[in-house]
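Structure data follow from input_32.cif (mmCIF, C-alpha atoms):
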```
data_target
#
loop_
_atom_site.label_atom_id
_atom_site.label_comp_id
_atom_site.auth_asym_id
_atom_site.auth_seq_id
_atom_site.Cartn_x
_atom_site.Cartn_y
_atom_site.Cartn_z
CA MET U 1 3.35 5.22 1.09
CA GLU U 2 3.58 3.16 4.23
CA SER U 3 3.53 -0.59 4.29
CA GLY U 4 1.65 -2.66 6.79
CA SER U 5 -1.04 -0.08 7.44
CA ASP U 6 -4.51 -1.34 8.26
CA ARG U 7 -6.06 1.78 6.88
CA GLN U 8 -6.84 2.50 3.28
CA PRO U 9 -4.72 5.51 2.29
CA SER U 10 -6.70 8.66 1.64
CA GLY U 11 -7.18 9.35 -2.04
CA TRP U 12 -7.83 5.72 -2.93
CA SER U 13 -11.25 4.93 -4.30
CA TYR U 14 -12.81 1.76 -5.59
CA HIS U 15 -15.27 3.04 -8.16
CA PRO U 16 -14.90 5.43 -11.12
CA ARG U 17 -17.89 7.45 -9.93
CA THR U 18 -16.19 8.15 -6.59
CA GLU U 19 -13.01 9.25 -8.30
CA ARG U 20 -14.94 11.48 -10.67
CA HIS U 21 -16.72 13.18 -7.77
CA ARG U 22 -13.38 13.84 -6.12
CA LYS U 23 -11.71 15.26 -9.22
CA LYS U 24 -14.63 17.54 -10.07
CA GLY U 25 -15.11 18.72 -6.51
CA ARG U 26 -18.73 17.58 -6.35
CA GLY U 27 -18.53 16.57 -2.73
CA ARG U 28 -19.60 13.23 -1.38
CA LEU U 29 -21.81 10.61 -2.98
CA ARG U 30 -25.48 11.07 -2.29
CA LEU U 31 -27.91 8.23 -1.65
CA ARG U 32 -28.88 8.28 -5.32
CA ASP U 33 -25.24 8.07 -6.41
CA ALA U 34 -24.39 5.22 -4.06
CA SER U 35 -27.53 3.29 -5.03
CA ALA U 36 -26.76 3.72 -8.74
CA MET U 37 -23.24 2.38 -8.14
CA ALA U 38 -24.56 -0.73 -6.41
CA ILE U 39 -27.39 -1.34 -8.88
CA GLY U 40 -25.06 -0.84 -11.82
CA GLY U 41 -22.53 -3.20 -10.29
CA MET U 42 -25.05 -6.00 -9.84
CA ILE U 43 -26.85 -5.64 -13.17
CA GLY U 44 -23.53 -5.19 -14.95
CA GLY U 45 -24.12 -8.16 -17.18
CA GLY U 46 -25.75 -10.22 -14.43
CA ILE U 47 -29.18 -11.01 -15.85
CA PHE U 48 -27.87 -10.99 -19.42
CA THR U 49 -25.48 -13.77 -18.43
CA VAL U 50 -27.46 -15.90 -15.99
CA LEU U 51 -31.00 -15.88 -17.43
CA GLY U 52 -30.56 -19.00 -19.54
CA GLU U 53 -28.52 -20.83 -16.92
CA THR U 54 -31.07 -20.10 -14.20
CA ILE U 55 -33.96 -21.41 -16.29
CA ARG U 56 -31.91 -24.49 -17.21
CA ILE U 57 -31.41 -25.29 -13.53
CA ALA U 58 -34.72 -24.23 -12.01
CA GLY U 59 -37.19 -24.28 -14.91
CA HIS U 60 -40.48 -22.50 -14.25
CA LEU U 61 -39.31 -21.65 -10.72
CA ALA U 62 -36.36 -19.61 -12.00
CA PHE U 63 -37.91 -16.43 -10.61
CA LEU U 64 -37.83 -17.98 -7.12
CA THR U 65 -34.12 -18.67 -7.57
CA PHE U 66 -33.51 -14.94 -7.94
CA VAL U 67 -35.62 -14.21 -4.86
CA LEU U 68 -33.65 -16.72 -2.78
CA ALA U 69 -30.28 -15.48 -4.02
CA GLY U 70 -31.47 -11.93 -3.40
CA ALA U 71 -32.33 -12.85 0.19
CA LEU U 72 -28.73 -14.05 0.66
CA ALA U 73 -27.51 -10.78 -0.80
CA GLY U 74 -29.84 -8.82 1.49
CA LEU U 75 -28.58 -10.57 4.63
CA THR U 76 -24.99 -9.97 3.57
CA ALA U 77 -25.73 -6.33 2.71
CA HIS U 78 -27.00 -5.86 6.27
CA SER U 79 -23.78 -7.33 7.65
CA TYR U 80 -21.64 -5.11 5.42
CA ALA U 81 -23.60 -2.03 6.47
CA ALA U 82 -23.36 -2.85 10.18
CA LEU U 83 -19.64 -3.61 10.06
CA ALA U 84 -18.88 -0.50 8.00
CA ARG U 85 -20.81 1.69 10.45
CA ARG U 86 -18.97 0.12 13.37
CA THR U 87 -15.52 0.65 11.89
CA GLY U 88 -16.51 4.12 10.68
CA ARG U 89 -14.20 4.12 7.68
CA SER U 90 -13.72 2.66 4.24
CA GLY U 91 -12.88 -1.01 4.13
CA GLY U 92 -14.07 -4.48 3.23
CA PRO U 93 -13.66 -8.07 4.43
CA ASP U 94 -9.95 -7.56 5.06
CA LEU U 95 -10.61 -4.71 7.48
CA PHE U 96 -13.60 -6.41 9.12
CA LEU U 97 -11.76 -9.69 9.76
CA ARG U 98 -8.60 -7.92 10.97
CA GLU U 99 -10.61 -6.03 13.55
CA GLU U 100 -12.04 -9.40 14.59
CA GLY U 101 -8.49 -10.53 15.32
CA HIS U 102 -8.05 -12.81 12.30
CA PRO U 103 -5.32 -11.21 10.16
CA GLU U 104 -4.35 -14.41 8.35
CA LEU U 105 -7.94 -15.27 7.50
CA ALA U 106 -8.42 -11.67 6.37
CA ALA U 107 -5.47 -11.93 3.99
CA LEU U 108 -6.56 -15.28 2.57
CA THR U 109 -10.10 -13.98 2.12
CA SER U 110 -8.78 -10.97 0.20
CA TRP U 111 -6.75 -13.23 -2.08
CA PHE U 112 -9.89 -15.19 -2.93
CA LEU U 113 -11.88 -11.99 -3.31
CA ALA U 114 -9.39 -10.83 -5.92
CA LEU U 115 -9.74 -14.21 -7.64
CA GLY U 116 -13.50 -13.75 -7.56
CA TYR U 117 -13.15 -10.44 -9.37
CA VAL U 118 -11.03 -12.16 -12.01
CA ALA U 119 -13.90 -14.62 -12.55
CA THR U 120 -16.33 -11.70 -12.66
CA LEU U 121 -14.31 -9.93 -15.34
CA ALA U 122 -14.15 -13.17 -17.31
CA VAL U 123 -17.93 -13.69 -17.11
CA TYR U 124 -18.62 -10.13 -18.27
CA ALA U 125 -16.14 -10.45 -21.12
CA PHE U 126 -17.57 -13.85 -22.12
CA THR U 127 -21.06 -12.34 -22.18
CA PHE U 128 -19.92 -9.32 -24.17
CA GLY U 129 -18.24 -11.50 -26.78
CA HIS U 130 -21.14 -13.89 -27.26
CA TYR U 131 -23.82 -11.19 -27.46
CA LEU U 132 -21.75 -9.29 -30.01
CA GLU U 133 -21.22 -12.50 -31.97
CA SER U 134 -24.97 -13.13 -32.01
CA VAL U 135 -25.48 -10.15 -34.34
CA THR U 136 -22.32 -10.55 -36.41
CA GLY U 137 -22.41 -14.31 -36.93
CA GLY U 138 -18.67 -14.51 -36.52
CA GLY U 139 -18.65 -17.83 -34.69
CA LEU U 140 -16.84 -18.95 -31.56
CA ALA U 141 -13.49 -17.55 -32.69
CA PHE U 142 -15.01 -14.08 -33.06
CA ALA U 143 -16.73 -14.33 -29.64
CA ARG U 144 -13.44 -15.19 -27.99
CA PHE U 145 -11.62 -12.43 -29.83
CA ALA U 146 -14.27 -9.91 -28.76
CA SER U 147 -14.05 -11.13 -25.15
CA ALA U 148 -10.30 -10.56 -25.09
CA ALA U 149 -10.59 -7.27 -26.98
CA ILE U 150 -13.03 -5.67 -24.55
CA ILE U 151 -10.77 -6.46 -21.60
CA ALA U 152 -7.80 -5.06 -23.53
CA LEU U 153 -9.78 -1.93 -24.38
CA PHE U 154 -10.62 -1.13 -20.79
CA LEU U 155 -7.11 -2.01 -19.67
CA VAL U 156 -5.88 0.73 -22.01
CA VAL U 157 -8.64 3.11 -20.87
CA ASN U 158 -7.78 2.60 -17.21
CA LEU U 159 -4.04 2.84 -17.83
CA ARG U 160 -4.60 6.23 -19.44
CA GLY U 161 -6.08 7.53 -16.22
CA VAL U 162 -9.25 7.82 -14.24
CA GLY U 163 -10.56 10.72 -16.33
CA ALA U 164 -10.70 8.53 -19.42
CA SER U 165 -12.42 5.68 -17.56
CA SER U 166 -15.15 7.77 -15.92
CA LEU U 167 -18.34 6.53 -17.58
CA THR U 168 -21.65 8.30 -17.11
CA GLU U 169 -23.00 5.87 -14.55
CA ASP U 170 -26.50 7.32 -14.22
CA ALA U 171 -27.11 7.16 -17.98
CA ILE U 172 -25.74 3.63 -18.25
CA VAL U 173 -27.77 2.30 -15.32
CA PHE U 174 -30.94 4.00 -16.58
CA THR U 175 -30.46 2.75 -20.15
CA LYS U 176 -29.91 -0.89 -19.31
CA LEU U 177 -32.79 -0.87 -16.82
CA LEU U 178 -35.03 0.70 -19.45
CA ILE U 179 -34.10 -1.94 -22.03
CA LEU U 180 -34.62 -4.80 -19.59
CA VAL U 181 -37.95 -3.55 -18.29
CA THR U 182 -39.26 -2.59 -21.73
CA ILE U 183 -38.63 -6.00 -23.27
CA ALA U 184 -39.76 -7.87 -20.15
CA GLY U 185 -42.80 -5.60 -19.93
CA VAL U 186 -43.97 -6.82 -23.32
CA GLY U 187 -43.89 -10.34 -21.96
CA MET U 188 -45.64 -9.43 -18.72
CA TRP U 189 -48.38 -7.69 -20.73
CA SER U 190 -49.17 -11.01 -22.38
CA TRP U 191 -49.12 -12.92 -19.10
CA SER U 192 -50.38 -16.49 -19.20
CA SER U 193 -50.04 -18.65 -16.10
CA ALA U 194 -50.33 -21.72 -18.33
CA ARG U 195 -46.78 -21.07 -19.55
CA LEU U 196 -45.52 -21.82 -16.02
CA GLU U 197 -47.37 -25.11 -15.62
CA PRO U 198 -46.38 -27.31 -13.96
CA LEU U 199 -44.69 -24.80 -11.67
CA ALA U 200 -42.11 -27.18 -10.18
CA ASP U 201 -41.32 -28.79 -13.53
CA VAL U 202 -37.73 -29.67 -12.58
CA GLY U 203 -38.25 -29.98 -8.83
CA ILE U 204 -37.70 -27.60 -5.92
CA GLY U 205 -34.07 -28.70 -5.62
CA GLY U 206 -33.26 -26.75 -8.76
CA VAL U 207 -34.14 -23.53 -6.94
CA LEU U 208 -31.54 -24.22 -4.24
CA VAL U 209 -28.85 -25.21 -6.73
CA GLY U 210 -29.68 -22.26 -8.94
CA ALA U 211 -29.53 -19.72 -6.11
CA GLY U 212 -25.96 -20.77 -5.37
CA SER U 213 -24.84 -21.23 -8.96
CA ILE U 214 -25.95 -17.81 -10.20
CA PHE U 215 -25.30 -15.83 -7.01
CA MET U 216 -22.58 -13.90 -8.82
CA ALA U 217 -25.40 -11.92 -10.46
CA TYR U 218 -25.70 -10.10 -7.11
CA GLU U 219 -22.00 -9.35 -6.75
CA GLY U 220 -21.24 -5.63 -6.78
CA PHE U 221 -23.08 -4.11 -3.82
CA GLU U 222 -20.16 -4.88 -1.49
CA LEU U 223 -17.94 -2.29 -3.18
CA LEU U 224 -19.83 0.51 -1.44
CA SER U 225 -18.13 -0.41 1.82
CA TYR U 226 -14.75 0.44 0.28
CA ASP U 227 -15.94 3.97 -0.52
CA TYR U 228 -17.61 4.56 2.86
CA ASP U 229 -15.60 7.74 3.50
CA ASP U 230 -16.87 9.25 0.25
CA ILE U 231 -20.59 8.75 0.94
CA GLU U 232 -22.62 11.63 2.30
CA ARG U 233 -23.84 10.79 5.83
CA PRO U 234 -22.54 7.21 5.46
CA ASP U 235 -24.13 5.94 8.69
CA HIS U 236 -27.50 6.88 7.24
CA ASN U 237 -27.04 6.46 3.49
CA LEU U 238 -24.84 3.35 3.18
CA PRO U 239 -27.39 0.92 4.67
CA ARG U 240 -30.21 2.49 2.69
CA ALA U 241 -28.24 2.35 -0.54
CA LEU U 242 -27.45 -1.32 0.05
CA TYR U 243 -31.02 -2.33 0.91
CA LEU U 244 -32.52 -0.26 -1.90
CA SER U 245 -30.14 -1.55 -4.54
CA VAL U 246 -30.63 -5.22 -3.62
CA ALA U 247 -34.42 -4.79 -3.60
CA VAL U 248 -34.42 -3.06 -6.99
CA VAL U 249 -32.19 -5.72 -8.54
CA VAL U 250 -34.33 -8.59 -7.17
CA ALA U 251 -37.43 -6.94 -8.65
CA VAL U 252 -35.74 -6.41 -12.03
CA TYR U 253 -34.45 -9.99 -12.18
CA VAL U 254 -37.86 -11.45 -11.31
CA ILE U 255 -39.69 -9.27 -13.85
CA VAL U 256 -37.17 -10.01 -16.58
CA THR U 257 -37.29 -13.76 -15.91
CA LEU U 258 -41.07 -14.03 -15.86
CA GLY U 259 -41.43 -11.68 -18.83
CA SER U 260 -38.95 -13.74 -20.80
CA GLN U 261 -40.79 -16.97 -20.03
CA MET U 262 -44.02 -15.40 -21.25
CA LEU U 263 -42.39 -14.69 -24.62
CA VAL U 264 -40.06 -17.60 -25.28
CA SER U 265 -40.17 -21.26 -24.30
CA ASP U 266 -37.80 -22.47 -21.62
CA GLU U 267 -36.33 -24.90 -24.15
CA LEU U 268 -35.31 -22.11 -26.53
CA ILE U 269 -33.93 -19.96 -23.73
CA VAL U 270 -31.78 -22.86 -22.51
CA GLN U 271 -30.70 -23.69 -26.04
CA GLN U 272 -29.49 -20.13 -26.56
CA ARG U 273 -28.47 -19.54 -22.94
CA GLU U 274 -25.26 -17.63 -23.75
CA VAL U 275 -27.42 -14.98 -25.46
CA ALA U 276 -30.84 -15.81 -24.04
CA PHE U 277 -32.06 -12.24 -23.66
CA ALA U 278 -31.33 -11.52 -27.31
CA ALA U 279 -33.81 -14.24 -28.26
CA VAL U 280 -36.33 -12.75 -25.85
CA GLY U 281 -35.84 -9.27 -27.29
CA GLU U 282 -36.39 -10.55 -30.81
CA GLN U 283 -39.62 -12.27 -29.80
CA ALA U 284 -40.83 -9.11 -28.08
CA LEU U 285 -39.96 -6.44 -30.66
CA GLY U 286 -38.56 -8.25 -33.67
CA THR U 287 -35.16 -7.31 -35.05
CA VAL U 288 -35.24 -4.03 -33.16
CA GLY U 289 -35.75 -5.96 -29.93
CA ARG U 290 -32.77 -8.21 -30.63
CA PHE U 291 -30.53 -5.23 -31.27
CA LEU U 292 -31.84 -3.50 -28.14
CA ALA U 293 -31.11 -6.59 -26.07
CA VAL U 294 -27.64 -6.97 -27.53
CA GLY U 295 -27.01 -3.25 -27.07
CA GLY U 296 -28.09 -3.46 -23.45
CA ALA U 297 -25.83 -6.46 -22.82
CA VAL U 298 -22.86 -4.80 -24.51
CA LEU U 299 -23.41 -1.57 -22.57
CA ALA U 300 -23.93 -3.35 -19.26
CA THR U 301 -20.92 -5.64 -19.56
CA SER U 302 -18.66 -2.86 -20.83
CA SER U 303 -19.41 -0.59 -17.88
CA ALA U 304 -19.10 -3.55 -15.49
CA ILE U 305 -15.70 -4.56 -16.90
CA ASN U 306 -14.49 -0.98 -16.52
CA ALA U 307 -15.69 -0.64 -12.92
CA THR U 308 -14.55 -4.13 -11.86
CA LEU U 309 -11.06 -3.69 -13.30
CA PHE U 310 -10.83 -0.29 -11.63
CA SER U 311 -11.98 -1.69 -8.29
CA ALA U 312 -10.08 -4.97 -8.27
CA ALA U 313 -6.78 -3.31 -9.18
CA ARG U 314 -7.13 -1.02 -6.19
CA LEU U 315 -7.91 -3.98 -3.95
CA VAL U 316 -4.68 -5.64 -5.07
CA ARG U 317 -2.75 -2.40 -4.48
CA ASP U 318 -4.37 -2.12 -1.04
CA LEU U 319 -3.14 -5.60 -0.10
CA THR U 320 0.44 -4.81 -1.05
CA THR U 321 0.54 -1.99 1.53
CA ARG U 322 -0.05 -4.63 4.22
CA ASP U 323 2.61 -6.97 2.84
CA GLU U 324 -0.14 -9.44 1.96
CA LEU U 325 0.92 -9.51 -1.69
CA PRO U 326 4.33 -8.95 -3.28
CA ASN U 327 5.16 -5.26 -3.47
CA VAL U 328 5.72 -5.47 -7.22
CA LEU U 329 1.96 -6.00 -7.69
CA GLY U 330 1.35 -2.62 -6.05
CA THR U 331 3.59 -0.73 -8.46
CA THR U 332 1.93 2.49 -9.56
CA ARG U 333 2.52 5.02 -12.31
CA ARG U 334 0.89 8.44 -12.09
CA GLY U 335 -1.06 7.09 -9.12
CA LEU U 336 -2.53 4.20 -11.14
CA PRO U 337 -2.04 0.54 -10.07
CA THR U 338 -0.66 -0.45 -13.46
CA THR U 339 0.88 -3.81 -12.57
CA ALA U 340 -2.29 -4.99 -10.85
CA MET U 341 -4.36 -3.92 -13.88
CA TRP U 342 -2.15 -5.89 -16.24
CA LEU U 343 -2.24 -9.00 -14.04
CA LEU U 344 -6.01 -8.94 -13.63
CA ALA U 345 -6.62 -8.30 -17.32
CA VAL U 346 -4.37 -11.15 -18.44
CA LEU U 347 -5.90 -13.63 -15.98
CA ALA U 348 -9.46 -12.57 -16.82
CA GLY U 349 -8.73 -12.81 -20.53
CA GLY U 350 -7.53 -16.37 -20.06
CA PHE U 351 -10.60 -17.36 -18.02
CA ALA U 352 -12.89 -15.76 -20.63
CA MET U 353 -11.70 -18.35 -23.17
CA ALA U 354 -13.70 -21.02 -21.31
CA PRO U 355 -15.90 -23.16 -23.59
CA ASP U 356 -19.07 -22.22 -21.70
CA VAL U 357 -20.13 -19.85 -18.95
CA GLU U 358 -21.60 -22.35 -16.46
CA GLN U 359 -18.28 -23.19 -14.80
CA LEU U 360 -17.27 -19.53 -14.62
CA LEU U 361 -20.57 -18.63 -12.97
CA ALA U 362 -20.36 -21.48 -10.47
CA PHE U 363 -16.74 -20.69 -9.61
CA GLY U 364 -17.38 -16.97 -9.17
CA SER U 365 -20.54 -17.59 -7.16
CA VAL U 366 -18.84 -20.06 -4.81
CA THR U 367 -15.95 -17.64 -4.30
CA PHE U 368 -18.17 -14.72 -3.36
CA LEU U 369 -20.47 -16.88 -1.24
CA THR U 370 -17.44 -18.04 0.76
CA VAL U 371 -16.24 -14.48 1.31
CA PHE U 372 -19.74 -13.31 2.25
CA ALA U 373 -20.15 -16.20 4.70
CA LEU U 374 -17.06 -14.93 6.52
CA VAL U 375 -18.35 -11.35 6.53
CA ASN U 376 -21.69 -12.49 7.98
CA GLN U 377 -19.84 -14.53 10.57
CA ALA U 378 -17.72 -11.54 11.55
CA TYR U 379 -20.87 -9.47 12.02
CA ALA U 380 -22.59 -12.18 14.05
CA ARG U 381 -19.62 -12.45 16.43
CA THR U 382 -19.55 -8.71 17.08
CA ALA U 383 -23.27 -7.84 16.94
CA ARG U 384 -24.44 -6.10 20.12
CA THR U 385 -28.02 -7.36 19.88
CA VAL U 386 -29.54 -10.82 19.75
CA GLY U 387 -31.36 -9.84 16.55
CA GLY U 388 -28.07 -8.82 14.92
CA GLN U 389 -26.46 -12.09 15.94
CA ILE U 390 -29.35 -14.07 14.47
CA VAL U 391 -29.17 -12.17 11.18
CA GLY U 392 -25.39 -12.60 10.99
CA PHE U 393 -25.39 -16.31 11.78
CA ALA U 394 -28.32 -16.87 9.41
CA GLY U 395 -26.44 -15.13 6.62
CA ALA U 396 -23.27 -17.10 7.31
CA ALA U 397 -25.12 -20.41 7.43
CA ALA U 398 -27.11 -19.63 4.28
CA CYS U 399 -24.03 -18.64 2.28
CA ALA U 400 -22.07 -21.67 3.50
CA GLY U 401 -25.04 -23.90 2.75
CA ALA U 402 -25.29 -22.50 -0.78
CA VAL U 403 -21.61 -23.31 -1.34
CA GLY U 404 -22.23 -26.86 -0.17
CA VAL U 405 -25.25 -27.27 -2.44
CA VAL U 406 -23.32 -26.12 -5.51
CA VAL U 407 -20.29 -28.29 -4.75
CA VAL U 408 -22.41 -31.39 -4.12
CA ASP U 409 -24.41 -30.79 -7.31
CA LEU U 410 -21.22 -30.46 -9.35
CA ALA U 411 -19.74 -33.57 -7.72
CA ARG U 412 -22.85 -35.52 -8.73
CA HIS U 413 -23.40 -34.19 -12.24
CA ASP U 414 -20.16 -32.61 -13.46
CA PRO U 415 -17.15 -33.82 -11.44
CA ALA U 416 -14.78 -32.75 -14.22
CA ALA U 417 -15.98 -29.14 -13.86
CA LEU U 418 -15.54 -29.36 -10.09
CA ALA U 419 -11.99 -30.61 -10.58
CA VAL U 420 -11.24 -27.75 -12.98
CA MET U 421 -12.66 -25.26 -10.48
CA GLY U 422 -10.43 -26.72 -7.81
CA VAL U 423 -7.27 -25.90 -9.76
CA PRO U 424 -7.25 -22.11 -9.21
CA VAL U 425 -8.25 -22.66 -5.57
CA ALA U 426 -5.31 -25.01 -5.08
CA VAL U 427 -2.99 -22.60 -6.86
CA VAL U 428 -4.06 -19.69 -4.64
CA LEU U 429 -3.63 -21.77 -1.48
CA ALA U 430 -0.18 -22.94 -2.60
CA LEU U 431 0.91 -19.42 -3.50
CA ARG U 432 -0.38 -18.15 -0.18
CA VAL U 433 1.67 -20.72 1.75
CA LEU U 434 4.73 -19.93 -0.36
CA TYR U 435 4.31 -16.19 0.11
CA ARG U 436 3.89 -16.52 3.86
CA ARG U 437 7.25 -18.27 4.04
CA THR U 438 9.02 -15.64 1.96
CA ARG U 439 7.01 -12.56 2.96
CA PRO U 440 9.12 -9.49 3.73
CA HIS U 441 9.10 -7.95 7.18
CA SER U 442 6.58 -5.23 7.99
CA ASP U 443 9.22 -2.54 7.68
CA SER U 444 9.91 -3.37 4.04
CA PRO U 445 9.25 -0.65 1.50
CA GLY U 446 5.78 -0.30 0.01
CA PRO U 447 4.90 -0.26 -3.66
CA THR U 448 6.96 1.87 -5.95
CA THR U 449 5.52 4.92 -7.62
#
```
Show me this structure written as structure tokens.
Amino acid sequence: MESGSDRQPSGWSYHPRTERHRKKGRGRLRLRDASAMAIGGMIGGGIFTVLGETIRIAGHLAFLTFVLAGALAGLTAHSYAALARRTGRSGGPDLFLREEGHPELAALTSWFLALGYVATLAVYAFTFGHYLESVTGGGLAFARFASAAIIALFLVVNLRGVGASSLTEDAIVFTKLLILVTIAGVGMWSWSSARLEPLADVGIGGVLVGAGSIFMAYEGFELLSYDYDDIERPDHNLPRALYLSVAVVVAVYVIVTLGSQMLVSDELIVQQREVAFAAVGEQALGTVGRFLAVGGAVLATSSAINATLFSAARLVRDLTTRDELPNVLGTTRRGLPTTAMWLLAVLAGGFAMAPDVEQLLAFGSVTFLTVFALVNQAYARTARTVGGQIVGFAGAAACAGAVGVVVVDLARHDPAALAVMGVPVAVVLALRVLYRRTRPHSDSPGPTT
């Protein structure tokens, strides 16, 4: 395996579905397959985690928060699609920024992207643990144990090999969508506009803060760019899969939010925000509804943890081939990035012990918004049309603005949380500087196998 290559080695994939297609000789991913991957990635615990937090921040306008965050995701999806089509091969921000002539910025962005996936794993594990605890009554200790246990479980599953970690993505995506829409549909059936009066009960500013704070609920679509080579007619299907998946997820989030507010008061949702949808499910269908909601959350977060660990470990391994991370982190056994899996699992398990999910969501959202701002900027600088430049710059400005809004809000209302969030950022920057000074030459050996 060569080191320093700008190209993702053939045979590397970033999603279990892609690997399964390869192993079973099913050919390339169709539009349906790619869309299911992106939808599953975004709803992988997203709405189950952020529903209560969004309503806490934006009140009756929570649905508008999801629309605004979805618009940011849509702009970024367009930039990803355009850049992927231009490069004509699998890759992500690292590849896009390198081709823009910014190798150091590309490396730093990839480091923070990996950190963002650690936060994502932690959020999913946190959600899994608290939803499971809501039906067992085991308390905070049990929730934390369950959070660590689910990460450990999928670490073992992934270490055993791709075959063991290949979940039936279509069934999982369909099941969690069915649960969400069924419960929310009960609420929409009993629609009463009076429950949303006054509409701007906490002010319009909450919509802006909320869109940035919960943006991580839209993370996941970007992974399609890494599997570009495995998509059937990628020039045609990748953009469509990205646009379709973002549109579907926005619609689901809006319906679930409004349906939930028709069933349960905002106060109760906020009070039980770690497991808000379980309370909604119980109000909709009684005990059966609660168990359905918990089952949906457990299923969604489990599949998301599996896919995120699979993907992030391969991102880390990819970086070691360019000497952008120590070679030891790219160590593989039987073709599996074992060291990267262990590192990510341990870090995510530690983050999942956080006392509440708000800081994790804000940190993850800010991380991805920063990365996406750079991707939009890269597209804007290389777009061949005025319209493309406008879309790219608008996406970059919107993502950067959302970061600023979240940081300012935290500085005003929770400076301690902002300081805590700054610690991993400072650590990554310090490690990056240290690694640059000690980085091996480009002719050093790649990861061991």
Report as a ChimeraX atom specification all protein, DNA and RNA residues lying within 6 Å of U:Leu263, evaluated on all atoms listed in the file, omitting residues in the same chain fewer than 2 positions from it. /U:187,260-261
Assuming the chain letters and numbering stay as they are in my file, what does the PyMOL selection byres ((chain U and resi 47-56) around 7) actually select? List them as a PyMOL selection string. chain U and resi 43+45-46+57-60+62+127+210+214+217+253+257+266+269-270+273-274+276-277+297
For U:Ala300: contacts at 8 Å, all atoms listed in the file, fewer than 6 positions along chain excluded, given as a ChimeraX atom specification: /U:40,43-45,172-173,176
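Across U:Thr120, U:Gly350, U:Ser225, U:Ile150, the tightest approach to U:Phe96 is made by U:Ser225 when counting all atoms listed in the file.
Counting all atoms listed in the file, the residue from U:Ala402, U:Met42, U:Ala81, U:Ala397 that sits nearest to U:Glu219 is U:Met42.
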So which residues touch U:Thr438 within 10 Å, counting all atoms listed in the file, skipping near sequence neighbours fewer than 5 positions away, as a ChimeraX atom specification? /U:326,432-433
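Note that atom CA of U:Thr382 and atom CA of U:Pro234 are 19.9 Å apart.
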Nearest to U:Ile179: which of U:Gly259, U:Gly295, U:Gly116, U:Gly92 is it, counting only C-alpha atoms? U:Gly295
With the file shown as input, list the residues that the PyMOL selection byres ((chain U and resi 278) around 9) selects, as a count of residues only. 19
Neighbouring residues of U:Gln359 were defined as those with any atom within 10 Å, considering all atoms listed in the file; residues of the same chain fewer than 3 positions away were excluded. Please report them as a ChimeraX atom specification. /U:119,123,213,354-356,362-365,410,414,417-418,420-421
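Remark: for U:Gly395, the closest of the candidate residues U:Leu369, U:Leu64, U:Val407, U:Leu258 is U:Leu369 (distances computed over only C-alpha atoms).
Note that the spacing between atom CA of U:Arg195 and atom CA of U:Gly286 amounts to 20.8 Å.
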Residue contacts of U:Asp227 (9 Å, only C-alpha atoms) excluding same-chain residues fewer than 2 positions away, as number ranges by chain: U: 12-15, 18, 89-91, 223-225, 229-231
Computed interatomic separation between atom CA of U:Arg437 and atom CA of U:Asp318 (Å): 20.5 Å
Expansion of the PyMOL selection byres ((chain U and resi 237) around 12) into residues, as a PyMOL selection string: chain U and resi 28-35+81+84-85+224-225+228-236+238-245
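The nearest approach to U:Val186 among the residues U:Ala171, U:Val316, U:Val202, U:Val264, with only C-alpha atoms taken into account, belongs to U:Val264.
Each of U:Ala106, U:Ile183, U:Ala73, U:Ala400 was checked against U:Leu285 using all atoms listed in the file; the smallest atom-to-atom distance is that of U:Ile183.
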